[in-house]
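Q: Input structure: protein_33.txt, which contains compact mmCIF, C-alpha atoms (C1' of nucleotides).
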# COMPACT_ATOMS: atom_id res chain seq x y z
CA MET A 193 -46.85 -21.70 2.64
CA SER A 194 -44.10 -21.33 0.09
CA ARG A 195 -43.12 -17.86 1.29
CA LYS A 196 -43.29 -18.81 4.95
CA ASN A 197 -41.36 -22.02 4.47
CA LYS A 198 -38.70 -20.21 2.56
CA ARG A 199 -38.24 -17.72 5.36
CA GLU A 200 -37.81 -20.50 7.84
CA HIS A 201 -34.91 -21.85 5.89
CA THR A 202 -33.31 -18.44 5.44
CA SER A 203 -32.55 -19.10 9.09
CA ASP A 204 -30.04 -17.87 11.56
CA GLN A 205 -30.49 -14.15 11.35
CA LEU A 206 -28.88 -12.59 14.34
CA PRO A 207 -31.63 -10.87 16.30
CA LYS A 208 -31.24 -7.13 16.58
CA LEU A 209 -30.44 -6.64 20.22
CA GLY A 210 -30.86 -2.90 20.38
CA ILE A 211 -28.72 -0.82 22.67
CA GLN A 212 -29.63 -2.37 26.05
CA PRO A 213 -27.26 -5.36 25.93
CA TYR A 214 -24.46 -2.94 25.11
CA LEU A 215 -25.35 -0.85 28.14
CA ASP A 216 -25.49 -3.95 30.33
CA LEU A 217 -22.08 -4.99 29.09
CA MET A 218 -20.82 -1.48 29.75
CA GLU A 219 -22.11 -1.64 33.30
CA ARG A 220 -20.05 -4.75 33.89
CA THR A 221 -16.90 -3.84 32.02
CA ALA A 222 -16.29 -0.08 32.09
CA LEU A 223 -13.81 1.45 34.50
CA GLN A 224 -15.27 2.94 37.64
CA ASN A 225 -14.45 6.47 36.61
CA THR A 226 -16.01 6.14 33.16
CA ASP A 227 -19.15 8.21 32.87
CA ARG A 228 -21.79 5.72 31.69
CA LYS A 229 -24.15 8.32 30.39
CA LEU A 230 -21.49 9.97 28.28
CA ALA A 231 -20.21 6.62 27.03
CA HIS A 232 -23.77 5.81 26.00
CA LEU A 233 -23.90 9.03 23.98
CA GLY A 234 -20.48 8.33 22.51
CA LEU A 235 -21.59 4.88 21.40
CA LEU A 236 -24.64 6.40 19.72
CA MET A 237 -22.45 8.98 18.03
CA LEU A 238 -20.15 6.26 16.75
CA TRP A 239 -23.08 4.32 15.28
CA LEU A 240 -24.66 7.43 13.80
CA GLY A 241 -21.34 8.41 12.32
CA ASP A 242 -21.15 5.06 10.55
CA ASN A 243 -24.68 5.52 9.24
CA ALA A 244 -24.01 9.09 8.12
CA ILE A 245 -20.93 8.01 6.21
CA ASP A 246 -22.84 5.15 4.60
CA THR A 247 -25.54 7.56 3.49
CA ILE A 248 -23.04 9.91 1.91
CA ASP A 249 -21.07 7.09 0.27
CA LEU A 250 -24.25 5.72 -1.22
CA ASN A 251 -24.98 9.07 -2.83
CA LEU A 252 -21.44 9.74 -4.04
CA GLU A 253 -21.31 6.29 -5.61
CA THR A 254 -23.55 7.57 -8.41
CA PHE A 255 -20.67 9.79 -9.49
CA GLY A 256 -17.96 7.14 -9.16
CA LEU A 257 -16.65 8.90 -6.09
CA THR A 258 -15.72 7.83 -2.58
CA GLU A 259 -15.67 10.06 0.45
CA SER A 260 -11.90 10.56 0.33
CA LYS A 261 -11.82 11.49 -3.36
CA TRP A 262 -14.75 13.80 -2.72
CA ASP A 263 -12.82 15.45 0.12
CA VAL A 264 -9.95 16.16 -2.23
CA LEU A 265 -12.20 17.63 -4.91
CA LEU A 266 -13.99 19.74 -2.31
CA LEU A 267 -10.70 21.06 -0.93
CA LEU A 268 -9.52 21.92 -4.43
CA THR A 269 -12.83 23.68 -5.09
CA LEU A 270 -12.84 25.69 -1.88
CA HIS A 271 -9.21 26.76 -2.13
CA GLU A 272 -9.19 27.42 -5.86
CA ASP A 273 -7.64 30.79 -6.70
CA ARG A 274 -6.82 31.31 -3.03
CA GLU A 275 -3.73 29.30 -2.33
CA LEU A 276 -1.29 26.99 -3.98
CA ILE A 277 -2.30 23.44 -3.27
CA THR A 278 0.43 20.82 -3.15
CA PRO A 279 0.26 17.08 -2.50
CA SER A 280 2.00 17.79 0.80
CA SER A 281 -0.57 20.30 1.93
CA LEU A 282 -3.35 17.90 1.01
CA ALA A 283 -1.68 15.10 2.96
CA ASP A 284 -1.29 17.41 5.90
CA ARG A 285 -4.91 18.50 5.80
CA LEU A 286 -6.35 15.05 5.19
CA GLY A 287 -4.18 13.50 7.88
CA ILE A 288 -2.69 10.91 5.57
CA ARG A 289 0.76 10.27 4.09
CA ARG A 290 2.10 11.97 1.00
CA ALA A 291 2.36 8.58 -0.69
CA SER A 292 -1.35 8.05 -0.20
CA VAL A 293 -2.10 11.41 -1.76
CA THR A 294 0.07 10.53 -4.74
CA ALA A 295 -2.07 7.44 -5.31
CA MET A 296 -5.30 9.38 -5.02
CA LEU A 297 -4.08 12.13 -7.38
CA ASP A 298 -2.99 9.51 -9.93
CA TRP A 299 -6.51 8.15 -9.86
CA LEU A 300 -8.14 11.59 -10.19
CA GLU A 301 -5.71 12.70 -12.88
CA LYS A 302 -6.34 9.58 -14.95
CA ARG A 303 -10.00 10.65 -15.06
CA HIS A 304 -8.99 14.21 -16.03
CA TRP A 305 -10.60 15.71 -12.93
CA ILE A 306 -7.36 17.27 -11.70
CA ILE A 307 -4.01 18.27 -13.18
CA ARG A 308 -0.52 18.52 -11.74
CA GLU A 309 1.78 21.36 -12.67
CA GLN A 310 5.38 21.72 -11.61
CA SER A 311 5.95 24.88 -9.60
CA THR A 312 8.20 27.39 -11.33
CA LEU A 313 9.29 28.96 -8.05
CA ASP A 314 10.27 25.75 -6.30
CA GLY A 315 11.09 22.83 -8.53
CA ARG A 316 10.29 20.31 -5.83
CA LYS A 317 6.70 21.35 -5.58
CA ILE A 318 3.65 20.33 -7.56
CA HIS A 319 0.66 22.57 -8.01
CA VAL A 320 -2.58 20.57 -7.95
CA LYS A 321 -5.61 22.06 -9.67
CA ILE A 322 -9.12 20.97 -10.44
CA THR A 323 -9.87 20.88 -14.20
CA GLN A 324 -12.96 22.12 -16.00
CA GLU A 325 -14.18 18.54 -16.22
CA GLY A 326 -13.57 18.15 -12.51
CA ARG A 327 -15.50 21.33 -11.82
CA GLU A 328 -18.42 20.02 -13.82
CA LEU A 329 -18.40 16.77 -11.87
CA VAL A 330 -18.38 18.66 -8.59
CA ALA A 331 -21.20 20.86 -9.83
CA ARG A 332 -23.29 17.78 -10.53
CA ALA A 333 -22.44 16.08 -7.25
CA LEU A 334 -22.86 19.03 -4.90
CA PRO A 335 -26.68 19.24 -4.95
CA VAL A 336 -26.85 15.51 -4.24
CA PHE A 337 -24.30 15.84 -1.47
CA TRP A 338 -26.25 18.58 0.28
CA SER A 339 -29.49 16.76 -0.03
CA ALA A 340 -27.86 13.65 1.43
CA CYS A 341 -26.56 15.75 4.33
CA SER A 342 -30.00 17.09 5.02
CA SER A 343 -31.60 13.65 4.74
CA ILE A 344 -29.43 12.48 7.64
CA MET A 345 -31.18 15.03 9.81
CA SER A 346 -34.63 14.95 8.28
CA GLU A 347 -36.30 13.92 11.55
CA ILE A 348 -35.07 16.92 13.46
CA GLU A 349 -37.66 19.49 14.41
CA GLU A 350 -37.16 23.20 14.67
CA GLU A 351 -37.01 23.37 18.47
CA GLU A 352 -34.33 20.69 18.62
CA ARG A 353 -32.41 22.08 15.70
CA MET A 354 -30.93 25.15 17.32
CA LEU A 355 -29.80 23.28 20.36
CA LEU A 356 -28.40 20.40 18.34
CA GLU A 357 -26.43 22.80 16.19
CA LYS A 358 -24.90 24.38 19.24
CA ILE A 359 -23.96 21.01 20.71
CA LEU A 360 -22.53 19.63 17.49
CA MET A 361 -20.39 22.74 16.96
CA LYS A 362 -19.05 22.39 20.46
CA LEU A 363 -18.29 18.69 19.95
CA LYS A 364 -16.61 19.48 16.66
CA SER A 365 -14.14 21.86 18.21
CA SER A 366 -13.45 19.69 21.23
CA MET A 367 -12.84 16.59 19.10
CA GLU A 368 -10.66 18.47 16.65
CA LYS A 369 -8.59 19.77 19.52
CA LYS A 370 -8.21 16.28 20.97
CA LEU A 371 -7.26 14.73 17.65
CA GLY A 372 -5.15 17.69 16.53
CA VAL A 373 -7.00 18.06 13.26
CA GLY A 374 -9.35 20.60 11.71
CA ARG A 375 -11.12 21.79 8.57
CA MET B 28 15.01 33.17 14.53
CA SER B 29 15.79 29.54 13.86
CA ARG B 30 12.33 28.30 14.92
CA LYS B 31 10.55 31.07 13.09
CA ASN B 32 12.58 30.64 9.95
CA LYS B 33 11.90 26.95 9.99
CA ARG B 34 8.15 27.59 10.21
CA GLU B 35 8.33 29.87 7.23
CA HIS B 36 9.82 27.12 5.15
CA THR B 37 7.32 24.54 6.38
CA SER B 38 5.18 26.45 3.90
CA ASP B 39 1.94 25.86 2.12
CA GLN B 40 -0.28 24.65 4.88
CA LEU B 41 -3.83 24.89 3.74
CA PRO B 42 -5.57 27.37 6.01
CA LYS B 43 -8.36 25.90 8.06
CA LEU B 44 -11.43 27.49 6.55
CA GLY B 45 -13.95 26.50 9.17
CA ILE B 46 -17.50 25.75 8.24
CA GLN B 47 -18.53 29.08 6.68
CA PRO B 48 -17.08 28.51 3.20
CA TYR B 49 -18.94 25.19 3.12
CA LEU B 50 -22.17 26.97 4.01
CA ASP B 51 -21.54 29.60 1.34
CA LEU B 52 -20.94 26.89 -1.22
CA MET B 53 -24.12 25.18 -0.07
CA GLU B 54 -26.07 28.38 -0.53
CA ARG B 55 -24.95 28.52 -4.15
CA THR B 56 -25.17 24.84 -5.05
CA ALA B 57 -27.92 23.09 -3.09
CA LEU B 58 -31.27 22.38 -4.65
CA GLN B 59 -34.02 24.82 -3.82
CA ASN B 60 -35.93 22.32 -1.75
CA THR B 61 -32.90 21.28 0.32
CA ASP B 62 -33.24 22.47 3.89
CA ARG B 63 -30.00 24.40 4.50
CA LYS B 64 -30.23 24.23 8.25
CA LEU B 65 -30.63 20.48 8.25
CA ALA B 66 -27.88 20.05 5.67
CA HIS B 67 -25.63 22.08 7.94
CA LEU B 68 -26.38 19.70 10.81
CA GLY B 69 -25.86 16.70 8.55
CA LEU B 70 -22.47 18.01 7.49
CA LEU B 71 -21.48 18.44 11.13
CA MET B 72 -22.69 14.92 11.89
CA LEU B 73 -20.62 13.57 9.02
CA TRP B 74 -17.50 15.31 10.32
CA LEU B 75 -18.14 14.30 13.90
CA GLY B 76 -18.70 10.74 12.79
CA ASP B 77 -15.28 10.72 11.13
CA ASN B 78 -13.73 12.08 14.30
CA ALA B 79 -15.55 9.62 16.54
CA ILE B 80 -14.38 6.71 14.41
CA ASP B 81 -10.81 8.03 14.45
CA THR B 82 -10.92 8.25 18.23
CA ILE B 83 -12.14 4.69 18.58
CA ASP B 84 -9.67 3.35 16.01
CA LEU B 85 -6.84 5.04 17.83
CA ASN B 86 -7.80 3.26 21.04
CA LEU B 87 -8.42 -0.14 19.48
CA GLU B 88 -5.05 0.04 17.73
CA THR B 89 -3.39 -0.72 21.07
CA PHE B 90 -4.96 -4.18 20.90
CA GLY B 91 -4.14 -4.81 17.26
CA LEU B 92 -7.80 -4.37 16.38
CA THR B 93 -9.72 -2.36 13.82
CA GLU B 94 -13.31 -1.28 14.14
CA SER B 95 -14.61 -4.06 11.92
CA LYS B 96 -12.74 -6.82 13.75
CA TRP B 97 -13.93 -5.30 17.00
CA ASP B 98 -17.52 -5.38 15.74
CA VAL B 99 -17.21 -9.09 15.06
CA LEU B 100 -15.75 -9.84 18.48
CA LEU B 101 -18.43 -7.75 20.14
CA LEU B 102 -21.19 -9.55 18.25
CA LEU B 103 -19.72 -12.91 19.23
CA THR B 104 -19.53 -11.75 22.84
CA LEU B 105 -23.08 -10.43 23.01
CA HIS B 106 -24.66 -13.41 21.29
CA GLU B 107 -22.57 -16.07 23.00
CA ASP B 108 -24.73 -18.89 24.39
CA ARG B 109 -27.79 -17.26 22.87
CA GLU B 110 -27.78 -18.16 19.23
CA LEU B 111 -25.79 -20.02 16.67
CA ILE B 112 -23.57 -17.58 14.84
CA THR B 113 -22.65 -18.38 11.26
CA PRO B 114 -20.53 -16.49 8.75
CA SER B 115 -23.74 -15.80 6.86
CA SER B 116 -25.49 -14.27 9.82
CA LEU B 117 -22.45 -12.10 10.52
CA ALA B 118 -22.37 -10.95 6.90
CA ASP B 119 -26.04 -10.17 7.07
CA ARG B 120 -25.70 -8.21 10.27
CA LEU B 121 -22.54 -6.36 9.26
CA GLY B 122 -23.95 -5.50 5.86
CA ILE B 123 -21.04 -7.06 3.97
CA ARG B 124 -20.58 -10.10 1.74
CA ARG B 125 -19.98 -13.60 3.03
CA ALA B 126 -16.62 -13.62 1.26
CA SER B 127 -15.56 -10.58 3.28
CA VAL B 128 -16.55 -12.32 6.49
CA THR B 129 -14.53 -15.37 5.51
CA ALA B 130 -11.45 -13.16 5.18
CA MET B 131 -12.05 -11.51 8.55
CA LEU B 132 -12.63 -14.85 10.28
CA ASP B 133 -9.43 -16.24 8.75
CA TRP B 134 -7.57 -13.35 10.30
CA LEU B 135 -9.21 -13.72 13.71
CA GLU B 136 -8.81 -17.50 13.69
CA LYS B 137 -5.10 -17.24 12.87
CA ARG B 138 -4.74 -15.26 16.09
CA HIS B 139 -6.76 -17.84 18.03
CA TRP B 140 -9.44 -15.34 18.98
CA ILE B 141 -12.23 -17.30 17.32
CA ILE B 142 -12.83 -20.86 16.19
CA ARG B 143 -14.95 -22.36 13.45
CA GLU B 144 -16.89 -25.57 14.01
CA GLN B 145 -18.86 -27.42 11.38
CA SER B 146 -22.53 -27.67 12.30
CA THR B 147 -23.68 -31.23 12.96
CA LEU B 148 -27.29 -30.44 12.05
CA ASP B 149 -26.58 -28.81 8.72
CA GLY B 150 -23.32 -29.72 7.09
CA ARG B 151 -23.21 -26.51 5.09
CA LYS B 152 -23.10 -24.31 8.13
CA ILE B 153 -20.21 -23.17 10.26
CA HIS B 154 -20.59 -22.28 13.91
CA VAL B 155 -18.37 -19.33 14.82
CA LYS B 156 -17.34 -18.93 18.47
CA ILE B 157 -15.10 -16.67 20.45
CA THR B 158 -12.27 -18.52 22.23
CA GLN B 159 -11.02 -18.06 25.79
CA GLU B 160 -8.10 -16.07 24.40
CA GLY B 161 -10.55 -13.96 22.44
CA ARG B 162 -12.63 -13.39 25.54
CA GLU B 163 -9.56 -12.21 27.41
CA LEU B 164 -8.69 -9.78 24.64
CA VAL B 165 -12.21 -8.39 24.67
CA ALA B 166 -12.07 -8.09 28.45
CA ARG B 167 -8.92 -5.99 28.15
CA ALA B 168 -10.24 -3.86 25.33
CA LEU B 169 -13.71 -3.13 26.67
CA PRO B 170 -12.76 -0.67 29.43
CA VAL B 171 -10.68 1.26 26.92
CA PHE B 172 -13.50 1.20 24.42
CA TRP B 173 -16.02 2.63 26.90
CA SER B 174 -13.66 5.29 28.04
CA ALA B 175 -13.01 6.26 24.42
CA CYS B 176 -16.77 6.46 23.85
CA SER B 177 -17.19 8.74 26.82
CA SER B 178 -14.22 10.89 25.81
CA ILE B 179 -16.01 11.70 22.55
CA MET B 180 -18.73 13.35 24.63
CA SER B 181 -16.66 14.74 27.47
CA GLU B 182 -17.74 18.32 26.79
CA ILE B 183 -21.43 17.61 27.20
CA GLU B 184 -23.08 19.01 30.28
CA GLU B 185 -25.90 17.47 32.22
CA GLU B 186 -28.65 19.76 30.89
CA GLU B 187 -27.69 19.05 27.30
CA ARG B 188 -27.18 15.36 27.89
CA MET B 189 -30.78 14.27 28.29
CA LEU B 190 -31.89 16.13 25.23
CA LEU B 191 -28.96 14.96 23.15
CA GLU B 192 -29.66 11.37 24.11
CA LYS B 193 -33.24 11.71 22.98
CA ILE B 194 -32.22 13.26 19.68
CA LEU B 195 -29.49 10.74 18.93
CA MET B 196 -31.82 7.81 19.66
CA LYS B 197 -34.34 9.27 17.28
CA LEU B 198 -31.72 9.79 14.59
CA LYS B 199 -30.45 6.27 15.09
CA SER B 200 -33.81 4.71 14.38
CA SER B 201 -34.60 6.99 11.46
CA MET B 202 -31.24 6.35 9.82
CA GLU B 203 -31.45 2.62 10.39
CA LYS B 204 -34.85 2.59 8.78
CA LYS B 205 -33.59 4.54 5.79
CA LEU B 206 -30.55 2.34 5.33
CA GLY B 207 -32.37 -0.88 6.15
CA VAL B 208 -29.87 -1.87 8.81
CA GLY B 209 -29.88 -2.18 12.58
CA ARG B 210 -28.05 -3.43 15.66
C1' DT C 645 31.16 27.92 -2.76
C1' DA C 646 31.18 22.95 -1.91
C1' DA C 647 29.27 19.59 1.03
C1' DT C 648 25.49 18.30 3.87
C1' DT C 649 20.89 18.23 5.21
C1' DT C 650 16.11 18.94 4.47
C1' DT C 651 12.00 18.93 1.77
C1' DA C 652 8.69 17.38 -1.93
C1' DG C 653 7.17 14.00 -4.50
C1' DT C 654 7.19 9.42 -6.29
C1' DT C 655 7.92 4.42 -6.42
C1' DA C 656 7.87 -0.20 -4.57
C1' DG C 657 5.91 -3.31 -1.84
C1' DA C 658 2.83 -4.40 1.99
C1' DT C 659 -1.78 -4.95 4.55
C1' DA C 660 -6.78 -4.43 5.32
C1' DA C 661 -11.36 -4.28 3.86
C1' DT C 662 -14.07 -4.64 0.71
C1' DC C 663 -16.15 -6.49 -3.89
C1' DT C 664 -17.81 -10.11 -7.82
C1' DA C 665 -17.71 -14.54 -9.93
C1' DA C 666 -16.78 -19.24 -9.72
C1' DT C 667 -16.50 -23.49 -7.05
C1' DT C 668 -17.74 -27.14 -3.71
C1' DA C 669 -20.59 -29.43 -0.61
C1' DT C 670 -24.87 -30.08 1.35
C1' DA C 671 -29.77 -29.72 1.81
C1' DT C 672 -34.38 -28.97 -0.05
C1' DA C 673 -38.01 -29.16 -3.43
C1' DA C 674 -40.27 -30.81 -7.54
C1' DT D 947 -33.95 -38.66 -8.51
C1' DT D 948 -32.95 -34.67 -10.49
C1' DA D 949 -32.85 -29.78 -10.23
C1' DT D 950 -32.48 -25.87 -7.39
C1' DA D 951 -31.05 -23.26 -3.44
C1' DT D 952 -27.96 -22.29 0.32
C1' DA D 953 -23.44 -21.87 2.96
C1' DA D 954 -18.95 -21.26 2.78
C1' DT D 955 -14.78 -20.74 0.46
C1' DT D 956 -11.46 -19.50 -3.18
C1' DA D 957 -9.58 -16.63 -6.74
C1' DG D 958 -8.80 -12.40 -8.34
C1' DA D 959 -9.74 -7.48 -8.29
C1' DT D 960 -10.00 -2.52 -6.35
C1' DT D 961 -9.38 1.12 -2.98
C1' DA D 962 -7.17 3.20 0.79
C1' DT D 963 -3.98 3.16 3.56
C1' DC D 964 0.96 2.39 5.35
C1' DT D 965 6.51 2.37 5.56
C1' DA D 966 10.92 2.55 3.43
C1' DA D 967 13.75 3.74 -0.23
C1' DC D 968 14.73 6.84 -3.94
C1' DT D 969 15.32 11.21 -6.82
C1' DA D 970 15.54 15.91 -7.45
C1' DA D 971 15.67 20.41 -5.80
C1' DA D 972 16.41 23.85 -2.27
C1' DA D 973 18.34 25.47 1.97
C1' DT D 974 21.87 25.42 5.39
C1' DT D 975 26.38 25.24 7.00
C1' DA D 976 31.25 24.85 7.35
Starting from the file, give its structure as structure tokens.
A:
Amino acid sequence: MSRKNKREHTSDQLPKLGIQPYLDLMERTALQNTDRKLAHLGLLMLWLGDNAIDTIDLNLETFGLTESKWDVLLLLTLHEDRELITPSSLADRLGIRRASVTAMLDWLEKRHWIIREQSTLDGRKIHVKITQEGRELVARALPVFWSACSSIMSEIEEEERMLLEKILMKLKSSMEKKLGVGR
Amino acid sequence: MSRKNKREHTSDQLPKLGIQPYLDLMERTALQNTDRKLAHLGLLMLWLGDNAIDTIDLNLETFGLTESKWDVLLLLTLHEDRELITPSSLADRLGIRRASVTAMLDWLEKRHWIIREQSTLDGRKIHVKITQEGRELVARALPVFWSACSSIMSEIEEEERMLLEKILMKLKSSMEKKLGVGR
DNA sequence: TAATTTTAGTTAGATAATCTAATTATATAA
DNA sequence: TTATATAATTAGATTATCTAACTAAAATTA
């Protein structure tokens, strides 16, 4: 009784409608020339994207990181010893303002995961580098990150995999073109 | 000359590496038992998810809405006249705290898109409803939302579509199970 | 070469979306 | 009737963004 009664008072949970009511609403409210089937897929992609990001965030949390800080550390790691990385180039790549990068770098620098060095060639520029401590953090987080990535797709079987990879690659380039971004 | 020169000064753009350097890094840093192929797909899904969200945000911006406010309005629309919607049930469904819902409802109420009514049956509860003005906003935004959803998938061809739908539905339910959420 | 313009980075101040902890009112249970 | 639980809010914080203004340095131009 106690358990059951309790539940009854916990009340008012919104029932999970599933996707059908969304599709019904779409039928009534989309423009004539909107492809319903594609919009259905797009809606799924949007939802999955949210879930994928939540999964990754959950795993990065262990390291005191968020997705955007992680992106910065990953960029610094991948470009290390290749090119000079400035706050401007990070802002450009991340699609955010320089002021936002400044804030993020302040946060990372306070934790000794990155350092800023004034450029000797051009006094306006700052050279951003990952520190040894930062490298160690990344080294600890990477295995978890990859395993989180793979867990997102754990249900996929071999036959589907190849095809899905092809489709996702195609979507990646078409979306990047549309948004004018890229990695 | 002028244009070219200018470009040369625009300097220090980080080159777009593409996915290969990520895969190389994965090879070196993933755990032995991490399925590389699946992690590759997961990484793509993560990136696509970001892009899909950006696309939707860009379109909702026109209406002064963000994805989370839109989610609330959509929930109110779909559940209208079906069940009593309370701040608690919204928090539960959205996976956020009641305090966060309070803030969002304040914002929406200030714009006259929702109203709050005290429940007569249980004085602790608030009944949240979409207003006529809110309904009109949603009616204007919905066609744009669906067309944005379909634009995400515009490259998909009919043969791929069926299979992709099946895969995405499967991923949706597996991820929702893992995260303990659902729509 | 001196004056002007552009670029890089930061600072200041704002908003949005979240959180936790504390508070208030009401309802339920012991 | 008293104690406990629930619903919502408030207060105060953090993170991630933004724009506008500012400083310093470099590049352009007159």
Q: Excluding DA953 (chain D) and any residue of its chain fewer than 2 positions from it, enumerate the residues within 9 Å of it, using all atoms listed in the file, and give them as a list in words.
A: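 Selected residues are Pro114, Ser115, Arg125, Gly150, Arg151, Lys152 and Ile153 of chain B; DA669 and DT670 of chain C.
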Q: Given a cut-off of 12 Å, which residues of chain A touch chain D, counting all atoms listed in the file, written out as a list in words?
A: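 Putting it all together, I get Lys198, His201, Thr202, Ser203, Asp204, Leu257, Thr258, Glu259, Ser260, Lys261, Gly287, Ile288, Arg289, Arg290, Ala291, Ser292, Val293, Thr294, Ala295, Met296, Trp299, Gln310, Ser311, Thr312, Leu313, Asp314, Gly315, Arg316 and Lys317 of chain A.
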Q: First collect every listed atom of region 961-968 of chain D; then fit an axis-aligned box around them, widen it by 3 Å on each side, and give centre and edge lengths in Å to one decimal, as lines of an AutoDock Vina configuration file.
A:
center_x = 2.7
center_y = 4.0
center_z = 0.8
size_x = 30.1
size_y = 11.7
size_z = 15.5
Q: With a distance threshold of 6 Å and counting all atoms listed in the file, extract the residues of chain B near chain A and express them as a list in words.
A: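 Going by the stated atoms only, the list reads Gln40, Leu41, Lys43, Gly45, Thr56, Ala57, Leu58, Thr61, Leu65, Ala66, Gly69, Leu70, Leu73, Gly76, Ala79, Ser116, Pro170, Trp173, Ser174, Cys176, Ser177, Ile179, Met180 and Arg210 of chain B.
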Q: In Å, rounded to a single decimal, give me how far C1' of DG653 (chain C) is from CA of Glu309 (chain A).
A: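 According to the coordinates, CA of Glu309 (chain A) and C1' of DG653 (chain C) are separated by 12.2 Å.
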Q: Can you list every residue of chain C that has an atom at most 12 Å from chain B, with its nearest atom pair and the distance in Å to one decimal, using all atoms listed in the file, ordered by chain then number, as a Markdown table?
A:
| residue | atom | partner | partner_atom | distance |
| --- | --- | --- | --- | --- |
| C:DT650 | C1' | B:His36 | CA | 10.3 |
| C:DT651 | C1' | B:Thr37 | CA | 8.6 |
| C:DA652 | C1' | B:Thr37 | CA | 11.1 |
| C:DT659 | C1' | B:Trp134 | CA | 11.7 |
| C:DA660 | C1' | B:Thr93 | CA | 9.2 |
| C:DA661 | C1' | B:Ser127 | CA | 7.6 |
| C:DT662 | C1' | B:Ser127 | CA | 6.6 |
| C:DC663 | C1' | B:Arg124 | CA | 8.0 |
| C:DT664 | C1' | B:Ala126 | CA | 9.8 |
| C:DA665 | C1' | B:Ala126 | CA | 11.3 |
| C:DT668 | C1' | B:Arg151 | CA | 10.4 |
| C:DA669 | C1' | B:Arg151 | CA | 6.9 |
| C:DT670 | C1' | B:Arg151 | CA | 5.4 |
| C:DA671 | C1' | B:Asp149 | CA | 7.7 |
| C:DT672 | C1' | B:Asp149 | CA | 11.7 |
